[in-house]
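Peer 1: Pasting final-v5.cif here (mmCIF, C-alpha atoms):
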data_run
loop_
_atom_site.label_atom_id
_atom_site.label_comp_id
_atom_site.auth_asym_id
_atom_site.auth_seq_id
_atom_site.Cartn_x
_atom_site.Cartn_y
_atom_site.Cartn_z
CA MET A 192 107.46 83.30 77.78
CA GLY A 193 109.61 84.70 75.02
CA ASP A 194 113.13 84.37 73.66
CA THR A 195 114.74 86.34 76.49
CA PRO A 196 116.63 84.25 79.13
CA VAL A 197 114.18 83.13 81.83
CA ALA A 198 116.11 84.73 84.73
CA ASP A 199 116.01 88.11 82.98
CA VAL A 200 112.25 88.40 83.05
CA LEU A 201 110.82 85.94 85.58
CA PRO A 202 111.36 85.80 89.35
CA GLU A 203 112.83 82.57 90.80
CA LEU A 204 109.52 81.94 92.58
CA ASN A 205 107.80 81.28 89.24
CA ILE A 206 110.28 78.55 88.35
CA ARG A 207 109.85 76.96 91.79
CA LEU A 208 106.06 77.04 91.50
CA ILE A 209 106.02 75.79 87.91
CA SER A 210 108.13 72.76 88.90
CA GLY A 211 105.31 71.56 91.12
CA VAL A 212 102.67 71.70 88.38
CA ARG A 213 101.93 68.80 86.00
CA TYR A 214 98.93 70.10 84.06
CA PHE A 215 99.30 73.04 81.72
CA VAL A 216 97.07 75.02 79.40
CA VAL A 217 99.35 76.68 76.86
CA GLU A 218 99.05 78.96 73.86
CA ASN A 219 101.48 76.89 71.79
CA LEU A 220 102.53 73.33 72.56
CA ARG A 221 105.98 73.37 71.02
CA SER A 222 107.25 76.57 72.55
CA ALA A 223 105.70 75.72 75.93
CA ARG A 224 107.75 72.50 76.01
CA ARG A 225 110.88 74.45 75.07
CA PHE A 226 110.12 76.98 77.82
CA MET A 227 109.69 74.25 80.46
CA LYS A 228 113.06 72.79 79.46
CA ALA A 229 114.66 76.24 79.78
CA CYS A 230 113.17 76.64 83.28
CA ASP A 231 114.41 73.27 84.50
CA LYS A 232 116.84 71.18 82.46
CA THR A 233 116.23 68.08 84.59
CA ILE A 234 112.49 68.12 83.95
CA ASN A 235 110.79 65.01 82.54
CA ILE A 236 108.65 66.60 79.83
CA ASP A 237 106.78 63.35 79.17
CA SER A 238 105.33 63.40 82.68
CA LEU A 239 103.58 66.73 81.95
CA HIS A 240 100.15 67.18 80.39
CA PHE A 241 99.65 70.03 77.91
CA THR A 242 96.40 71.33 76.39
CA GLU A 243 96.45 74.09 73.78
CA LEU A 244 94.32 77.23 74.21
CA ASN A 245 94.62 79.92 71.56
CA GLU A 246 92.60 81.90 69.03
CA HIS A 247 91.66 78.65 67.24
CA THR A 248 90.13 77.06 70.34
CA PRO A 249 86.30 76.92 70.32
CA GLU A 250 84.90 78.60 73.44
CA THR A 251 82.87 75.49 74.15
CA ASP A 252 86.11 73.51 74.74
CA ILE A 253 87.29 75.75 77.58
CA ALA A 254 85.24 74.44 80.53
CA ALA A 255 86.55 70.88 79.98
CA MET A 256 90.14 72.12 80.36
CA LEU A 257 89.47 72.57 84.09
CA ARG A 258 88.99 68.83 84.63
CA PRO A 259 92.40 68.36 86.34
CA MET A 260 91.35 71.02 88.89
CA HIS A 261 88.11 69.16 89.65
CA GLU A 262 90.36 66.16 90.34
CA GLY A 263 92.50 68.16 92.76
CA HIS A 264 95.44 69.18 90.54
CA ASP A 265 96.84 72.64 89.88
CA ILE A 266 96.82 73.97 86.33
CA GLY A 267 99.50 76.31 84.97
CA VAL A 268 98.58 78.73 82.18
CA ILE A 269 101.41 79.73 79.85
CA SER A 270 101.11 82.22 77.01
CA GLU A 271 103.58 83.08 74.27
CA ALA A 272 104.66 86.63 75.07
CA GLY A 273 103.21 88.91 77.69
CA CYS A 274 100.91 87.81 80.48
CA PRO A 275 98.25 85.11 80.13
CA ALA A 276 94.72 86.55 80.01
CA VAL A 277 96.01 90.09 79.31
CA ALA A 278 96.11 90.69 75.56
CA ASP A 279 96.81 86.94 75.42
CA PRO A 280 94.64 83.81 75.75
CA GLY A 281 93.50 82.62 79.18
CA ALA A 282 90.78 85.00 80.38
CA GLY A 283 87.97 82.60 79.41
CA LEU A 284 89.56 79.75 81.36
CA VAL A 285 90.15 81.99 84.40
CA ALA A 286 86.53 83.18 84.27
CA VAL A 287 85.26 79.59 84.49
CA ALA A 288 87.73 78.80 87.31
CA GLN A 289 86.48 81.88 89.21
CA ARG A 290 82.89 80.61 88.87
CA TYR A 291 83.97 77.34 90.50
CA GLY A 292 85.60 79.32 93.31
CA TYR A 293 89.11 77.99 92.61
CA GLU A 294 92.10 80.00 93.84
CA ILE A 295 93.83 81.87 91.00
CA VAL A 296 97.49 82.81 91.51
CA PRO A 297 98.88 85.28 88.96
CA LEU A 298 102.67 85.15 88.59
CA VAL A 299 104.88 88.17 88.00
CA GLY A 300 106.12 88.48 84.45
CA PRO A 301 106.94 91.09 81.84
CA SER A 302 103.84 92.96 80.70
CA SER A 303 104.81 95.01 77.67
CA ILE A 304 101.80 97.24 78.36
CA ILE A 305 103.01 98.21 81.84
CA MET A 306 106.69 98.33 80.82
CA SER A 307 105.99 100.68 77.92
CA LEU A 308 103.75 102.84 80.12
CA MET A 309 106.50 103.04 82.80
CA ALA A 310 109.01 104.24 80.23
CA SER A 311 106.71 106.56 78.24
CA GLY A 312 106.54 109.38 80.78
CA PHE A 313 102.74 109.41 80.29
CA ASN A 314 100.02 109.36 82.94
CA GLY A 315 100.17 106.06 84.85
CA GLN A 316 97.32 107.06 87.21
CA SER A 317 94.80 106.74 84.41
CA PHE A 318 95.28 104.71 81.25
CA ALA A 319 93.39 102.45 78.86
CA PHE A 320 94.61 99.52 76.81
CA CYS A 321 92.45 99.22 73.69
CA GLY A 322 93.97 96.24 71.83
CA TYR A 323 93.98 96.68 68.05
CA LEU A 324 92.47 99.73 66.34
CA PRO A 325 89.89 99.03 63.61
CA ILE A 326 91.59 98.68 60.22
CA ASP A 327 88.72 100.17 58.25
CA ASP A 328 89.00 103.98 57.87
CA SER A 329 85.35 104.67 58.57
CA LYS A 330 85.59 102.78 61.87
CA ARG A 331 89.08 103.95 62.83
CA THR A 332 88.33 107.67 62.57
CA PRO A 333 85.72 107.80 65.39
CA VAL A 334 87.95 105.61 67.59
CA LEU A 335 90.88 108.03 67.18
CA LYS A 336 88.58 111.00 67.85
CA GLU A 337 87.33 109.37 71.06
CA MET A 338 90.92 108.58 72.14
CA GLU A 339 91.91 112.19 71.66
CA ARG A 340 88.88 113.27 73.70
CA ARG A 341 89.79 110.91 76.57
CA ILE A 342 93.40 112.16 76.53
CA ARG A 343 92.40 115.83 76.67
CA ARG A 344 89.38 115.65 78.98
CA GLU A 345 90.21 112.71 81.24
CA ARG A 346 94.03 112.87 81.04
CA GLN A 347 93.83 109.14 80.21
CA THR A 348 96.85 107.61 78.40
CA GLN A 349 95.67 105.56 75.39
CA ILE A 350 97.58 102.34 74.63
CA PHE A 351 97.13 100.07 71.60
CA ILE A 352 98.91 97.55 69.41
CA GLU A 353 99.17 96.67 65.72
CA THR A 354 100.08 93.63 63.65
CA PRO A 355 103.87 94.21 63.28
CA TYR A 356 103.94 94.37 59.47
CA ARG A 357 101.40 97.22 59.63
CA ASN A 358 103.39 99.35 62.15
CA HIS A 359 104.57 101.93 59.61
CA ARG A 360 101.14 102.35 58.08
CA LEU A 361 99.73 102.95 61.58
CA ILE A 362 102.38 105.55 62.50
CA GLU A 363 101.77 107.45 59.24
CA ASP A 364 98.05 107.27 59.90
CA LEU A 365 98.39 108.70 63.42
CA CYS A 366 100.66 111.50 62.14
CA ARG A 367 98.17 112.38 59.41
CA ARG A 368 94.94 112.24 61.36
CA LEU A 369 95.78 113.54 64.83
CA PRO A 370 96.97 117.02 65.91
CA SER A 371 100.76 117.30 65.76
CA ASP A 372 101.04 118.42 69.41
CA LEU A 373 99.85 115.03 70.69
CA LEU A 374 102.64 112.84 72.08
CA LEU A 375 103.24 109.35 70.67
CA CYS A 376 105.42 106.83 72.50
CA ILE A 377 106.61 103.95 70.31
CA ALA A 378 107.72 101.03 72.49
CA SER A 379 109.34 98.35 70.38
CA ASP A 380 110.75 94.87 71.09
CA ILE A 381 110.06 95.18 74.84
CA SER A 382 112.49 93.01 76.88
CA GLY A 383 114.10 91.97 73.58
CA PRO A 384 117.62 92.74 72.30
CA ARG A 385 116.45 95.70 70.18
CA GLN A 386 114.25 97.30 72.86
CA SER A 387 113.54 100.96 72.17
CA ILE A 388 110.98 103.21 73.88
CA ILE A 389 110.81 106.71 72.45
CA THR A 390 108.34 109.53 73.12
CA LYS A 391 108.00 112.41 70.66
CA SER A 392 105.20 114.69 69.48
CA LEU A 393 103.46 113.55 66.30
CA GLY A 394 104.96 116.63 64.65
CA GLU A 395 108.45 115.35 65.53
CA TRP A 396 107.67 111.77 64.46
CA LYS A 397 106.70 113.13 61.03
CA LYS A 398 110.26 114.41 60.62
CA THR A 399 111.96 111.34 62.12
CA GLU A 400 113.39 108.36 60.27
CA TYR A 401 112.45 105.08 61.94
CA ASN A 402 112.26 101.37 61.27
CA TYR A 403 109.72 99.36 63.27
CA ASP A 404 108.79 97.09 60.38
CA LYS A 405 107.72 93.63 61.59
CA ILE A 406 108.92 94.33 65.17
CA PRO A 407 106.35 93.77 67.96
CA THR A 408 105.48 97.28 69.06
CA ILE A 409 103.16 99.05 71.49
CA PHE A 410 101.82 102.54 70.84
CA LEU A 411 100.88 105.07 73.50
CA LEU A 412 99.21 108.43 73.00
CA TYR A 413 99.04 111.35 75.44
CA SER A 414 99.39 115.11 75.48
CA MET B 13 109.56 97.05 96.24
CA GLY B 14 107.43 95.60 99.02
CA ASP B 15 107.73 93.21 101.94
CA THR B 16 107.79 90.06 99.78
CA PRO B 17 111.23 88.38 99.35
CA VAL B 18 113.04 89.95 96.38
CA ALA B 19 113.49 86.67 94.47
CA ASP B 20 109.74 86.01 94.63
CA VAL B 21 108.79 89.06 92.60
CA LEU B 22 111.85 90.36 90.75
CA PRO B 23 113.93 88.65 88.06
CA GLU B 24 117.66 88.18 88.74
CA LEU B 25 118.42 90.63 85.93
CA ASN B 26 116.99 93.52 87.98
CA ILE B 27 119.36 92.81 90.87
CA ARG B 28 122.33 92.61 88.46
CA LEU B 29 121.37 95.90 86.80
CA ILE B 30 120.66 97.68 90.09
CA SER B 31 124.12 96.76 91.38
CA GLY B 32 125.67 98.87 88.63
CA VAL B 33 123.69 102.00 89.50
CA ARG B 34 124.82 104.60 92.04
CA TYR B 35 122.17 107.31 91.67
CA PHE B 36 118.60 106.64 92.70
CA VAL B 37 115.34 108.55 92.74
CA VAL B 38 113.14 106.84 95.30
CA GLU B 39 109.67 107.23 96.76
CA ASN B 40 110.87 106.71 100.32
CA LEU B 41 114.47 106.98 101.47
CA ARG B 42 114.35 104.57 104.39
CA SER B 43 112.64 101.68 102.65
CA ALA B 44 114.73 102.16 99.50
CA ARG B 45 117.91 101.67 101.57
CA ARG B 46 116.39 98.58 103.18
CA PHE B 47 115.44 97.25 99.72
CA MET B 48 118.98 97.78 98.35
CA LYS B 49 120.39 95.85 101.33
CA ALA B 50 117.93 93.01 100.65
CA CYS B 51 119.04 92.89 96.99
CA ASP B 52 122.73 92.76 97.81
CA LYS B 53 123.97 92.22 101.36
CA THR B 54 127.53 93.24 100.45
CA ILE B 55 126.45 96.64 99.10
CA ASN B 56 128.06 99.80 100.48
CA ILE B 57 124.96 101.92 101.03
CA ASP B 58 127.03 105.03 101.79
CA SER B 59 128.43 105.04 98.25
CA LEU B 60 124.91 105.46 96.82
CA HIS B 61 123.06 108.71 96.21
CA PHE B 62 119.34 108.87 96.95
CA THR B 63 116.85 111.62 96.11
CA GLU B 64 113.24 111.42 97.25
CA LEU B 65 110.38 111.80 94.77
CA ASN B 66 106.85 111.43 96.08
CA GLU B 67 103.52 113.23 96.40
CA HIS B 68 105.21 115.93 98.51
CA THR B 69 107.80 116.78 95.83
CA PRO B 70 107.15 120.11 94.02
CA GLU B 71 106.98 119.52 90.25
CA THR B 72 109.59 122.24 89.75
CA ASP B 73 112.18 120.08 91.59
CA ILE B 74 111.93 117.20 89.13
CA ALA B 75 114.10 118.42 86.22
CA ALA B 76 117.11 118.92 88.54
CA MET B 77 116.94 115.25 89.58
CA LEU B 78 118.26 114.34 86.12
CA ARG B 79 121.60 116.05 86.76
CA PRO B 80 123.51 112.76 87.23
CA MET B 81 122.33 111.70 83.76
CA HIS B 82 123.62 114.90 82.20
CA GLU B 83 126.94 113.95 83.80
CA GLY B 84 126.86 110.49 82.24
CA HIS B 85 125.47 108.37 85.11
CA ASP B 86 122.48 106.04 85.10
CA ILE B 87 119.60 106.75 87.45
CA GLY B 88 117.47 104.04 89.03
CA VAL B 89 113.87 104.82 89.97
CA ILE B 90 112.42 102.84 92.88
CA SER B 91 108.86 103.09 94.13
CA GLU B 92 107.26 101.60 97.21
CA ALA B 93 104.84 99.01 95.89
CA GLY B 94 103.93 98.39 92.29
CA CYS B 95 105.79 99.81 89.30
CA PRO B 96 107.39 103.26 89.23
CA ALA B 97 105.41 105.74 87.10
CA VAL B 98 102.33 103.48 87.03
CA ALA B 99 99.99 104.47 89.88
CA ASP B 100 103.24 105.43 91.65
CA PRO B 101 105.64 108.38 91.39
CA GLY B 102 108.11 108.64 88.52
CA ALA B 103 106.16 109.58 85.39
CA GLY B 104 107.15 113.25 85.60
CA LEU B 105 110.85 112.36 85.84
CA VAL B 106 110.57 109.91 82.92
CA ALA B 107 108.78 112.54 80.83
CA VAL B 108 111.69 114.97 81.28
CA ALA B 109 114.23 112.21 80.52
CA GLN B 110 112.32 111.38 77.31
CA ARG B 111 112.51 115.06 76.27
CA TYR B 112 116.31 114.86 76.64
CA GLY B 113 116.34 111.70 74.52
CA TYR B 114 117.78 109.50 77.27
CA GLU B 115 117.27 105.76 77.04
CA ILE B 116 114.63 104.53 79.51
CA VAL B 117 114.80 100.87 80.56
CA PRO B 118 111.73 99.59 82.43
CA LEU B 119 112.39 96.57 84.63
CA VAL B 120 109.97 93.69 85.12
CA GLY B 121 108.20 93.77 88.45
CA PRO B 122 104.87 92.94 90.03
CA SER B 123 102.11 95.21 88.77
CA SER B 124 99.09 94.64 90.96
CA ILE B 125 96.94 96.07 88.15
CA ILE B 126 98.06 93.43 85.64
CA MET B 127 98.18 90.62 88.20
CA SER B 128 94.62 91.30 89.36
CA LEU B 129 93.44 91.56 85.76
CA MET B 130 95.12 88.22 84.90
CA ALA B 131 93.32 86.51 87.77
CA SER B 132 89.94 88.23 87.41
CA GLY B 133 88.76 86.37 84.31
CA PHE B 134 87.75 89.74 82.83
CA ASN B 135 88.56 91.14 79.39
CA GLY B 136 92.33 91.68 79.08
CA GLN B 137 92.10 92.85 75.46
CA SER B 138 90.48 96.10 76.56
CA PHE B 139 90.74 97.61 80.04
CA ALA B 140 91.11 100.93 81.80
CA PHE B 141 92.83 101.79 85.06
CA CYS B 142 91.12 104.82 86.59
CA GLY B 143 93.04 105.37 89.85
CA TYR B 144 90.81 106.51 92.73
CA LEU B 145 87.09 107.18 92.30
CA PRO B 146 85.83 110.58 93.45
CA ILE B 147 84.77 110.47 97.12
CA ASP B 148 81.98 113.01 96.74
CA ASP B 149 78.62 111.39 95.87
CA SER B 150 77.68 113.97 93.25
CA LYS B 151 80.95 113.34 91.41
CA ARG B 152 81.11 109.58 91.97
CA THR B 153 77.68 108.85 90.49
CA PRO B 154 78.45 110.02 86.93
CA VAL B 155 81.83 108.22 87.02
CA LEU B 156 80.13 104.93 87.95
CA LYS B 157 77.50 105.46 85.25
CA GLU B 158 80.22 106.04 82.64
CA MET B 159 82.13 102.94 83.80
CA GLU B 160 79.01 100.83 83.41
CA ARG B 161 78.51 102.26 79.92
CA ARG B 162 82.11 101.42 78.91
CA ILE B 163 81.74 97.88 80.28
CA ARG B 164 78.50 97.22 78.40
CA ARG B 165 79.20 99.04 75.13
CA GLU B 166 82.97 98.73 74.76
CA ARG B 167 83.48 95.49 76.75
CA GLN B 168 86.19 97.44 78.62
CA THR B 169 87.19 96.12 82.07
CA GLN B 170 87.22 98.97 84.60
CA ILE B 171 89.93 98.91 87.28
CA PHE B 172 90.29 101.24 90.26
CA ILE B 173 91.71 101.51 93.78
CA GLU B 174 90.68 102.93 97.13
CA THR B 175 92.43 104.09 100.28
CA PRO B 176 92.49 100.78 102.25
CA TYR B 177 90.49 101.99 105.27
CA ARG B 178 87.64 102.94 102.90
CA ASN B 179 87.49 99.53 101.12
CA HIS B 180 84.28 98.38 102.85
CA ARG B 181 82.49 101.66 102.21
CA LEU B 182 83.43 101.39 98.52
CA ILE B 183 82.20 97.79 98.18
CA GLU B 184 78.87 98.70 99.83
CA ASP B 185 78.61 101.68 97.54
CA LEU B 186 79.21 99.60 94.39
CA CYS B 187 76.64 97.00 95.54
CA ARG B 188 74.05 99.71 96.21
CA ARG B 189 74.51 101.82 93.11
CA LEU B 190 75.27 99.40 90.30
CA PRO B 191 73.08 96.63 88.81
CA SER B 192 73.50 93.35 90.70
CA ASP B 193 74.41 91.40 87.53
CA LEU B 194 77.70 93.31 87.10
CA LEU B 195 80.78 91.32 88.13
CA LEU B 196 83.16 92.70 90.77
CA CYS B 197 86.61 91.22 91.26
CA ILE B 198 88.23 92.11 94.59
CA ALA B 199 91.99 91.58 94.42
CA SER B 200 93.55 92.01 97.82
CA ASP B 201 97.13 91.96 99.18
CA ILE B 202 98.57 91.10 95.73
CA SER B 203 101.88 89.18 96.07
CA GLY B 204 101.46 89.40 99.84
CA PRO B 205 100.88 86.57 102.33
CA ARG B 206 97.09 87.10 102.42
CA GLN B 207 96.62 87.41 98.63
CA SER B 208 93.03 86.78 97.57
CA ILE B 209 91.46 87.46 94.16
CA ILE B 210 87.75 86.71 94.00
CA THR B 211 85.21 87.45 91.26
CA LYS B 212 81.47 87.44 92.05
CA SER B 213 78.43 89.32 90.82
CA LEU B 214 77.49 92.37 92.90
CA GLY B 215 74.34 90.45 93.88
CA GLU B 216 76.54 87.69 95.33
CA TRP B 217 78.92 90.14 97.05
CA LYS B 218 75.88 91.62 98.83
CA LYS B 219 75.28 88.23 100.49
CA THR B 220 78.97 87.49 101.17
CA GLU B 221 80.88 88.12 104.40
CA TYR B 222 84.28 89.64 103.74
CA ASN B 223 87.07 91.52 105.47
CA TYR B 224 89.26 93.77 103.33
CA ASP B 225 89.58 96.46 105.99
CA LYS B 226 92.91 98.31 105.70
CA ILE B 227 94.31 95.77 103.18
CA PRO B 228 95.66 97.21 99.88
CA THR B 229 93.05 96.17 97.35
CA ILE B 230 92.29 96.57 93.67
CA PHE B 231 88.74 96.56 92.31
CA LEU B 232 87.73 95.42 88.84
CA LEU B 233 84.29 95.67 87.25
CA TYR B 234 83.00 93.80 84.20
CA SER B 235 79.89 92.00 83.03
#
Would you encode the structure as C-alpha cells?

Peer 2:
Amino acid sequence: MGDTPVADVLPELNIRLISGVRYFVVENLRSARRFMKACDKTINIDSLHFTELNEHTPETDIAAMLRPMHEGHDIGVISEAGCPAVADPGAGLVAVAQRYGYEIVPLVGPSSIIMSLMASGFNGQSFAFCGYLPIDDSKRTPVLKEMERRIRRERQTQIFIETPYRNHRLIEDLCRRLPSDLLLCIASDISGPRQSIITKSLGEWKKTEYNYDKIPTIFLLYS
Amino acid sequence: MGDTPVADVLPELNIRLISGVRYFVVENLRSARRFMKACDKTINIDSLHFTELNEHTPETDIAAMLRPMHEGHDIGVISEAGCPAVADPGAGLVAVAQRYGYEIVPLVGPSSIIMSLMASGFNGQSFAFCGYLPIDDSKRTPVLKEMERRIRRERQTQIFIETPYRNHRLIEDLCRRLPSDLLLCIASDISGPRQSIITKSLGEWKKTEYNYDKIPTIFLLYS
C-alpha cells in the first residue's frame, strides 16, 4: 500500500487474489479501506472484515486474529508502506499461522529495502537490514563501529532507516563519525513522485547540499 | 524474469517502462528475448540491443556497457530470476552508473528473499542475507556459529541459499550441527507452481519427510 497508483507497484495477480478474500488484518483501518476501493471500485466494503494490527496491538491479541482461518477462511495481511512482516507489522501473526501449519502466500510488492539496494550499486550478495539505529550516542557508536567492521571484513552492505524528521541529523552524524571513504547511498521517497537514489562517499556528502527533511528515506553503507 | 506469467509478478508500470527502452544489459540473451516477447507481443525484437552480463563477464568489460547512457539512451537491466543486482548480476554496472551520476530507477519485482522472509514469521526488522554458505566443513562451522550468535544476541534473521542439488545435504547439515530449538524456514520454488514456505524447529525437521531436491530454495534461520 501507499499513495502510488496500484498498477504501478502491484502485479494484477494481487488484485485478483485480494478480491477473493473477505477477512483482513491491516495496519490502519481507514487507509486499508481506501486501498481496497482503489483495487476494485465495485467492491462492497461492508462485506469485508477488518482487524487492526500495528505497534499499539498487544502481542496477546494476535493469536485470536487467526480465528477466521480456523473456520476455513483466508486472511489477507495489508501494511501501510512496504511489505507486511518486513519492517512492518505482521511477522507475529505469520509466526502463529506457521505453528498451525497454515499455508502462507507472500505477494509481490515494492520493498524499499530491496529497491534501494538494487539501485545503490552495493553488494547484493551479502547485506543486512538493521532497522533503526540507537538514538543515544553511547549506544550508537558501537553499532556504527560494528557496521563498518562488517562492511570491511565481510563485504556486507549495511541498510537502516530513520524517523524522517531526523534524516539530516543522521546524515551529519554518519559524515562526522565514519571514515570519509565509506560510501553512503541515500534512497528517498522510493516509488514516490520525488524518488531519488544517490550514492556518494561520505566525504562527498559532506560537501553536498541536500534536502531529505521529513521524506521517508533508506540509508545504505558500503565501501 | 522467470517462468511465471508476467502479470502475476510484475506491475503494469514495468511493462510500460520497458517498452520505451531499446538498450538492455541482460543475464541471459535467449531468455531475455523470450521475456520481452512475453511482455509485449507486438515488439520488434530486432530493434533492441542486448549485452550479456553474468558470472562469466570480466569486470573490466562493465564500464563500456554504459556507452548508450553516455549517448543519452536509457538502459534496462534484466536478470534471470529475482531482482537485478540483488543476489543476481547488475551491482557492478549500477555502481559505475552511480559514479557518473545517472538516475537509477529500480522496478518492483518478486524478490524471493523478501517473499520468504514475509512468509517465515521471523524478524523482519533485522535480517541478513548471506548468499551461499562455505561448502568446506572447516569454513562452514564458524559461519554457522556466528549466525547462531547473531540470531540469539541481535535477534537477526539469517537468510542464505544453496545450489539446488545440494539442498538435502544442507538441511541435514543444519539439523546435525545447530541446536534443535532453532527455527528453520524452508522457502521453495517462490512464485512458482510448487511454492512452499514452511517453518519448523530443526528438531521437527529431523523427523519430517521432505523433497526439495533440485528445487530453487531459500533457507532462513531464527529462534

Peer 1: Report as a ChimeraX atom specification the residues that result from applying the PyMOL selection byres ((chain B) within 7 of (chain A)) to the structure here.

Peer 2: /B:19-25,96-99,103-104,106-107,110,116-118,120-122,127,130-143,209-211

Peer 1: Interatomic distance between atom CA of B:Glu92 and atom CA of B:Leu186?

Peer 2: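 We find that atom CA of B:Glu92 and atom CA of B:Leu186 lie 28.3 Å from each other.
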
Peer 1: My list of candidates is A:Asp328, A:Glu339, A:Asp231, A:Glu218. Which is closest to A:His247 when distances are computed with all atoms listed in the file?

Peer 2: A:Glu218

Peer 1: Please measure the separation of atom CA of B:Val37 and atom CA of A:Tyr413, giving the value in Å to one decimal.

Peer 2: 23.9 Å

Peer 1: I need the residue nearest A:Ile209 from this list: A:Asp265, A:Asp364, A:Glu395, A:Glu243. Use only C-alpha atoms for the distance.

Peer 2: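 Of all the options, A:Asp265 lies closest to A:Ile209.
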
Peer 1: Give me the residues near B:Ile183 as a ChimeraX atom specification, where near means some atom within 12 Å (using all atoms listed in the file) and where sequence neighbours in that chain fewer than 6 positions away do not count.

Peer 2: /B:172-174,176-177,189-190,196-198,213-218,220-225,229-233

Peer 1: Tell me which of A:Arg344, A:Arg258, A:Arg367, A:Arg357 sits closest to A:Thr332, counting all atoms listed in the file.

Peer 2: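 Among the listed residues, A:Arg367 lies closest to A:Thr332.
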
Peer 1: Can you pull out every residue within 12 Å of A:Ile236, counting only C-alpha atoms, but drop anything in the same chain fewer than 2 positions away, and send it as a ChimeraX atom specification?

Peer 2: /A:210,212-215,220-221,223-234,238-241

Peer 1: Record the distance separating atom CA of A:Ser270 and atom CA of B:Ser200, expressed in Å with one decimal.

Peer 2: 24.2 Å
